[in-house]
Amino acid sequence: MTMDGVAEAPNIWQETFDEDMGAAMQGMMEETDTVLLGRVTYQEWEPYWTSDNVSADNAGFARFINTTPKYVVSRTLKDTPWGTFNNAQLVKNLKEDITNLKAQPGKTITVTGSPTLVNSLLQEDLLDELTLTIHNVAAYKGKPLFGQGNLKRFDLVDVKASRTGVILATYQTRKP
Amino acid sequence: MSKLIVTEFLTLDGMFEDPAPPTGYPSSDIGQFKYDELFASDALLLGRVTYEGFARYWPTMQGTSEFANRMNSLPKFVATTTPKGLEWNATALEGDVVTAVKQVKQQEGQNLLVYGSGTFAQTLLRHKLVDELRVLLYPLLRGNGRRFFSGEYHLPLKLASSREMGAGVLLLVYEPAET
């Protein structure tokens with residue numbers, strides 16, 4: 001997000017993707033064995049990441065997102081194919097399904113993009129950790145990452161500034 | 001030329017409350033930082049709403065700390081369209097506020113400090129009058145309230161420094177980036 005909390009349209013405000021951000025992304029991919037997406041992100045990402053238009057720079061993320069088991073949270077979708085890869089599975093009942101999913105052994109379940117879903121998970125107290133990438137720009141325009149909701153508190157567990165001045169901060173949610 | 005510094009307490013969802021830090025995050029580093037910041041400044045620039053809150057509160061704190069005493073003794077410049085009846089060692093920024101702030105900046109001296117003052121701070125940012133933006137970023141989502149950044153603008157920044165202040169609070173110091 002931007003330093004004023006905007007998550008929408010990073011193509012407008014994101015200037016850099018430096019090696020430190022790349023390393024953080026790599027770390028995230030290595031510790032993730034399940035990806036959770038909101039409907040909007042699913043509908044944008046599925047055609048893009050399964051197409052032939054993905055540049056060589058993004059091949060690592062394409063491989064990750066295409067091959068990692070995925071769940072899509074939606075009340076309206078009927079099925080959730082993922083190109084020629086294994087289908088994503090559908091989550092209809094957020095609280096029950098995610099609680100069950102979290103109870104299974106394994107590595108981390110990661111949500112990428114999907115601001116609406118992130119807010120729902122936060123409000124339902126289903127999110128354990130939040131990693132923010134705070135870009136050195138105030139965008140003013142665009143949908144904020146965090147919507148309206150109840151007050152939520154966090155503990156800062158890790159922070160570093162990337163070489164181009166982007167803050168990579170990891171917070172744990174405080175359980176109510 | 002004096003340096004103009006905007007200094008804010010923000011939450012992760014970009015909210016700010018009438019310029020006071022969220023409670024429940026004790027940190028001696030923050031106290032020291034706010035103290036040093038105030039004592040490196042020789043005037044405050046405030047929007048009307050922040051001025052009114054401060055002018056009610058700080059005189060009641062006189063004598064309780066060096067910080068409070070300095071808050072009371074420093075000259076203040078207030079952005080207001082109703083300049084009558086200013087107290088608390090304050091004078092109005094008369095006429096066009098941008099021109100008036102430029103004149104204040106021309107004077108030699110220590111830093112000029114802006115606390116809170118959401119609307120006024122946005123005007124200063126838009127007119128490129130801010131030399132440094134200091135954010136104490138508190139580890140919470142307020143969920144609703146007023147966002148510090150408002151209106152239509154696009155502000156590229158350079159991260160000058162960042163520091164953990166304890167209690168999960170980050171100090172992020174930005175300078176406007178060359179455009």
# chains A, B, ... in the order shown; residues from 1 in each chain; ligands from 1

$ interface_residues --of "chain B" --to "chain A" --cutoff "10 Å" --atoms "only C-alpha atoms" --output "count of residues only"
44

$ select_by_dssp --residues "segment 76-142 of chain B" --states "strand (DSSP E)" --output "PyMOL selection string"
chain B and resi 76-79+90-92+111-115+132-138+140-141

$ residues_around --residues "Asp97 of chain A" --least-positions-apart "6" --cutoff "12 Å" --atoms "only C-alpha atoms" --output "JSON, numbers by chain"
{"A": [36, 71, 72, 73, 74, 89, 90, 91, 103, 104, 121, 126]}

$ write_last_selection --atoms "C-alpha atoms" --output "PDB file, in the first residue's frame"
ATOM      1  CA  LEU A  36      -6.435 -17.605  -0.356  1.00  0.00           C
ATOM      2  CA  TYR A  71      -9.054 -21.229  -2.277  1.00  0.00           C
ATOM      3  CA  VAL A  72     -11.332 -18.460  -3.520  1.00  0.00           C
ATOM      4  CA  VAL A  73     -13.801 -16.806  -1.181  1.00  0.00           C
ATOM      5  CA  SER A  74     -17.066 -16.004  -2.957  1.00  0.00           C
ATOM      6  CA  GLN A  89     -11.524 -24.515  -4.408  1.00  0.00           C
ATOM      7  CA  LEU A  90     -14.453 -22.419  -3.378  1.00  0.00           C
ATOM      8  CA  VAL A  91     -14.953 -21.044   0.118  1.00  0.00           C
ATOM      9  CA  ALA A 103      -6.747 -26.359  11.684  1.00  0.00           C
ATOM     10  CA  GLN A 104      -5.071 -28.568   9.080  1.00  0.00           C
ATOM     11  CA  LEU A 121     -10.605 -11.883   7.913  1.00  0.00           C
ATOM     12  CA  LEU A 126      -9.169 -15.095  11.456  1.00  0.00           C
TER      13      LEU A 126
END

$ select_by_dssp --residues "chain B" --states "alpha helix (DSSP H)" --output "VMD selection string"
chain B and resid 28 to 39 48 to 57 66 to 73 97 to 106 118 to 126

$ write_last_selection --atoms "N, CA and C atoms" --output "tab-separated table (two decimals), in the first residue's frame"
chain	number	residue	atom	x	y	z
B	28	SER	N	9.45	5.39	25.95
B	28	SER	CA	10.29	6.53	26.33
B	28	SER	C	10.95	7.14	25.09
B	29	ASP	N	11.17	6.31	24.06
B	29	ASP	CA	11.76	6.83	22.82
B	29	ASP	C	10.85	7.87	22.17
B	30	ILE	N	9.55	7.59	22.21
B	30	ILE	CA	8.61	8.54	21.62
B	30	ILE	C	8.63	9.84	22.42
B	31	GLY	N	8.63	9.72	23.74
B	31	GLY	CA	8.68	10.91	24.58
B	31	GLY	C	9.91	11.76	24.29
B	32	GLN	N	11.04	11.10	24.18
B	32	GLN	CA	12.29	11.81	23.90
B	32	GLN	C	12.25	12.46	22.52
B	33	PHE	N	11.73	11.70	21.55
B	33	PHE	CA	11.64	12.22	20.18
B	33	PHE	C	10.75	13.47	20.14
B	34	LYS	N	9.59	13.40	20.79
B	34	LYS	CA	8.68	14.55	20.76
B	34	LYS	C	9.30	15.76	21.50
B	35	TYR	N	10.03	15.46	22.56
B	35	TYR	CA	10.71	16.52	23.31
B	35	TYR	C	11.76	17.20	22.43
B	36	ASP	N	12.63	16.39	21.84
B	36	ASP	CA	13.71	16.94	21.00
B	36	ASP	C	13.13	17.74	19.83
B	37	GLU	N	12.06	17.21	19.27
B	37	GLU	CA	11.43	17.86	18.13
B	37	GLU	C	10.91	19.25	18.51
B	38	LEU	N	10.28	19.31	19.66
B	38	LEU	CA	9.72	20.60	20.11
B	38	LEU	C	10.83	21.59	20.43
B	39	PHE	N	11.90	21.09	21.06
B	39	PHE	CA	12.97	22.01	21.46
B	39	PHE	C	13.88	22.39	20.30
B	48	ARG	N	-6.83	25.86	12.34
B	48	ARG	CA	-7.71	26.46	13.35
B	48	ARG	C	-8.20	25.43	14.37
B	49	VAL	N	-8.58	24.26	13.90
B	49	VAL	CA	-9.16	23.26	14.80
B	49	VAL	C	-8.12	22.79	15.81
B	50	THR	N	-6.92	22.49	15.33
B	50	THR	CA	-5.86	22.06	16.23
B	50	THR	C	-5.49	23.18	17.20
B	51	TYR	N	-5.42	24.40	16.65
B	51	TYR	CA	-5.14	25.55	17.53
B	51	TYR	C	-6.14	25.61	18.68
B	52	GLU	N	-7.41	25.51	18.35
B	52	GLU	CA	-8.44	25.66	19.39
B	52	GLU	C	-8.32	24.59	20.47
B	53	GLY	N	-8.06	23.36	20.02
B	53	GLY	CA	-7.88	22.27	20.99
B	53	GLY	C	-6.66	22.51	21.88
B	54	PHE	N	-5.57	22.87	21.24
B	54	PHE	CA	-4.32	23.11	21.97
B	54	PHE	C	-4.46	24.30	22.93
B	55	ALA	N	-5.07	25.38	22.46
B	55	ALA	CA	-5.15	26.60	23.26
B	55	ALA	C	-6.04	26.39	24.49
B	56	ARG	N	-6.94	25.41	24.41
B	56	ARG	CA	-7.73	25.06	25.60
B	56	ARG	C	-6.93	24.19	26.55
B	57	TYR	N	-6.18	23.23	25.96
B	57	TYR	CA	-5.54	22.20	26.78
B	57	TYR	C	-4.22	22.64	27.42
B	66	GLU	N	8.62	20.54	31.18
B	66	GLU	CA	9.29	21.49	30.29
B	66	GLU	C	8.61	21.53	28.93
B	67	PHE	N	8.09	20.35	28.53
B	67	PHE	CA	7.40	20.26	27.25
B	67	PHE	C	6.19	21.19	27.24
B	68	ALA	N	5.37	21.09	28.30
B	68	ALA	CA	4.16	21.92	28.38
B	68	ALA	C	4.54	23.41	28.41
B	69	ASN	N	5.56	23.74	29.17
B	69	ASN	CA	5.96	25.14	29.26
B	69	ASN	C	6.38	25.68	27.89
B	70	ARG	N	7.11	24.83	27.14
B	70	ARG	CA	7.54	25.30	25.82
B	70	ARG	C	6.36	25.38	24.85
B	71	MET	N	5.45	24.43	24.94
B	71	MET	CA	4.24	24.51	24.12
B	71	MET	C	3.53	25.85	24.34
B	72	ASN	N	3.50	26.26	25.58
B	72	ASN	CA	2.81	27.52	25.90
B	72	ASN	C	3.61	28.75	25.50
B	73	SER	N	4.93	28.68	25.62
B	73	SER	CA	5.72	29.90	25.40
B	73	SER	C	6.04	30.16	23.93
B	97	VAL	N	-2.89	32.29	2.73
B	97	VAL	CA	-2.16	31.51	3.72
B	97	VAL	C	-0.82	31.00	3.18
B	98	VAL	N	-0.78	30.69	1.89
B	98	VAL	CA	0.46	30.18	1.29
B	98	VAL	C	1.54	31.27	1.30
B	99	THR	N	1.15	32.46	0.90
B	99	THR	CA	2.08	33.59	0.92
B	99	THR	C	2.56	33.86	2.34
B	100	ALA	N	1.61	33.83	3.27
B	100	ALA	CA	1.95	34.10	4.67
B	100	ALA	C	2.94	33.07	5.21
B	101	VAL	N	2.73	31.81	4.88
B	101	VAL	CA	3.64	30.76	5.37
B	101	VAL	C	5.02	30.94	4.73
B	102	LYS	N	5.05	31.31	3.46
B	102	LYS	CA	6.35	31.55	2.80
B	102	LYS	C	7.13	32.65	3.52
B	103	GLN	N	6.39	33.68	3.95
B	103	GLN	CA	7.07	34.77	4.67
B	103	GLN	C	7.62	34.29	6.01
B	104	VAL	N	6.83	33.49	6.70
B	104	VAL	CA	7.31	32.96	7.99
B	104	VAL	C	8.55	32.09	7.77
B	105	LYS	N	8.53	31.31	6.69
B	105	LYS	CA	9.67	30.42	6.41
B	105	LYS	C	10.94	31.21	6.07
B	106	GLN	N	10.76	32.43	5.54
B	106	GLN	CA	11.91	33.25	5.16
B	106	GLN	C	12.78	33.63	6.35
B	118	GLY	N	-5.02	18.70	10.05
B	118	GLY	CA	-5.23	17.93	8.81
B	118	GLY	C	-5.42	18.79	7.58
B	119	THR	N	-6.38	19.69	7.60
B	119	THR	CA	-6.70	20.48	6.41
B	119	THR	C	-5.52	21.38	6.03
B	120	PHE	N	-5.00	22.07	7.03
B	120	PHE	CA	-3.88	23.00	6.80
B	120	PHE	C	-2.64	22.25	6.32
B	121	ALA	N	-2.37	21.10	6.92
B	121	ALA	CA	-1.19	20.31	6.51
B	121	ALA	C	-1.30	19.89	5.05
B	122	GLN	N	-2.54	19.54	4.62
B	122	GLN	CA	-2.71	19.17	3.21
B	122	GLN	C	-2.43	20.35	2.30
B	123	THR	N	-2.86	21.54	2.71
B	123	THR	CA	-2.56	22.75	1.93
B	123	THR	C	-1.05	22.96	1.83
B	124	LEU	N	-0.36	22.78	2.93
B	124	LEU	CA	1.10	22.97	2.94
B	124	LEU	C	1.78	21.95	2.04
B	125	LEU	N	1.32	20.69	2.10
B	125	LEU	CA	1.92	19.63	1.26
B	125	LEU	C	1.71	19.95	-0.22
B	126	ARG	N	0.48	20.31	-0.55
B	126	ARG	CA	0.12	20.62	-1.93
B	126	ARG	C	0.94	21.77	-2.52

$ residues_around --residues "segment 75-89 of chain B" --least-positions-apart "3" --cutoff "6 Å" --atoms "only C-alpha atoms" --output "ChimeraX atom specification"
/B:43-48,55,92-93

$ closest_residue --among "A:Thr41, A:Thr34, A:Thr76, A:Thr131" --to "Ile98 of chain A" --atoms "only C-alpha atoms"
A:Thr34

$ residues_around --residues "segment 105-111 of chain A" --least-positions-apart "6" --cutoff "7 Å" --atoms "only C-alpha atoms" --output "NGL selection string"
:A and (31-37)

$ write_last_selection --atoms "N, CA and C atoms" --output "mmCIF file, in the first residue's frame"
data_model
loop_
_atom_site.group_PDB
_atom_site.id
_atom_site.type_symbol
_atom_site.label_atom_id
_atom_site.label_comp_id
_atom_site.auth_asym_id
_atom_site.auth_seq_id
_atom_site.Cartn_x
_atom_site.Cartn_y
_atom_site.Cartn_z
ATOM 1 N N GLU A 31 7.321 -19.987 2.297
ATOM 2 C CA GLU A 31 6.649 -20.445 3.512
ATOM 3 C C GLU A 31 5.148 -20.699 3.309
ATOM 4 N N THR A 32 4.691 -20.507 2.075
ATOM 5 C CA THR A 32 3.259 -20.652 1.790
ATOM 6 C C THR A 32 2.964 -22.001 1.145
ATOM 7 N N ASP A 33 1.948 -22.708 1.658
ATOM 8 C CA ASP A 33 1.513 -23.907 0.935
ATOM 9 C C ASP A 33 0.059 -23.824 0.473
ATOM 10 N N THR A 34 -0.591 -22.708 0.811
ATOM 11 C CA THR A 34 -1.977 -22.511 0.382
ATOM 12 C C THR A 34 -2.193 -21.025 0.159
ATOM 13 N N VAL A 35 -2.879 -20.702 -0.938
ATOM 14 C CA VAL A 35 -3.169 -19.298 -1.235
ATOM 15 C C VAL A 35 -4.679 -19.077 -1.129
ATOM 16 N N LEU A 36 -5.030 -17.965 -0.533
ATOM 17 C CA LEU A 36 -6.435 -17.605 -0.356
ATOM 18 C C LEU A 36 -6.673 -16.297 -1.104
ATOM 19 N N LEU A 37 -7.689 -16.290 -1.952
ATOM 20 C CA LEU A 37 -7.962 -15.095 -2.753
ATOM 21 C C LEU A 37 -9.415 -14.663 -2.597
#

$ atom_distance --atom1 "atom CA of Met25 of chain A" --atom2 "atom CA of Asp79 of chain A"
28.5 Å

$ atom_distance --atom1 "atom CA of Tyr48 of chain A" --atom2 "atom CA of Ala7 of chain A"
19.0 Å

$ atom_distance --atom1 "atom CA of Leu74 of chain B" --atom2 "atom CA of Pro26 of chain B"
26.2 Å

$ closest_residue --among "B:Ser27, B:Asn111, B:Ser65, B:Ser117" --to "Met1 of chain B" --atoms "only C-alpha atoms"
B:Asn111

$ closest_residue --among "A:Leu94, A:Ser55, A:Gly60, A:Gly38" --to "Leu77 of chain A" --atoms "only C-alpha atoms"
A:Gly38
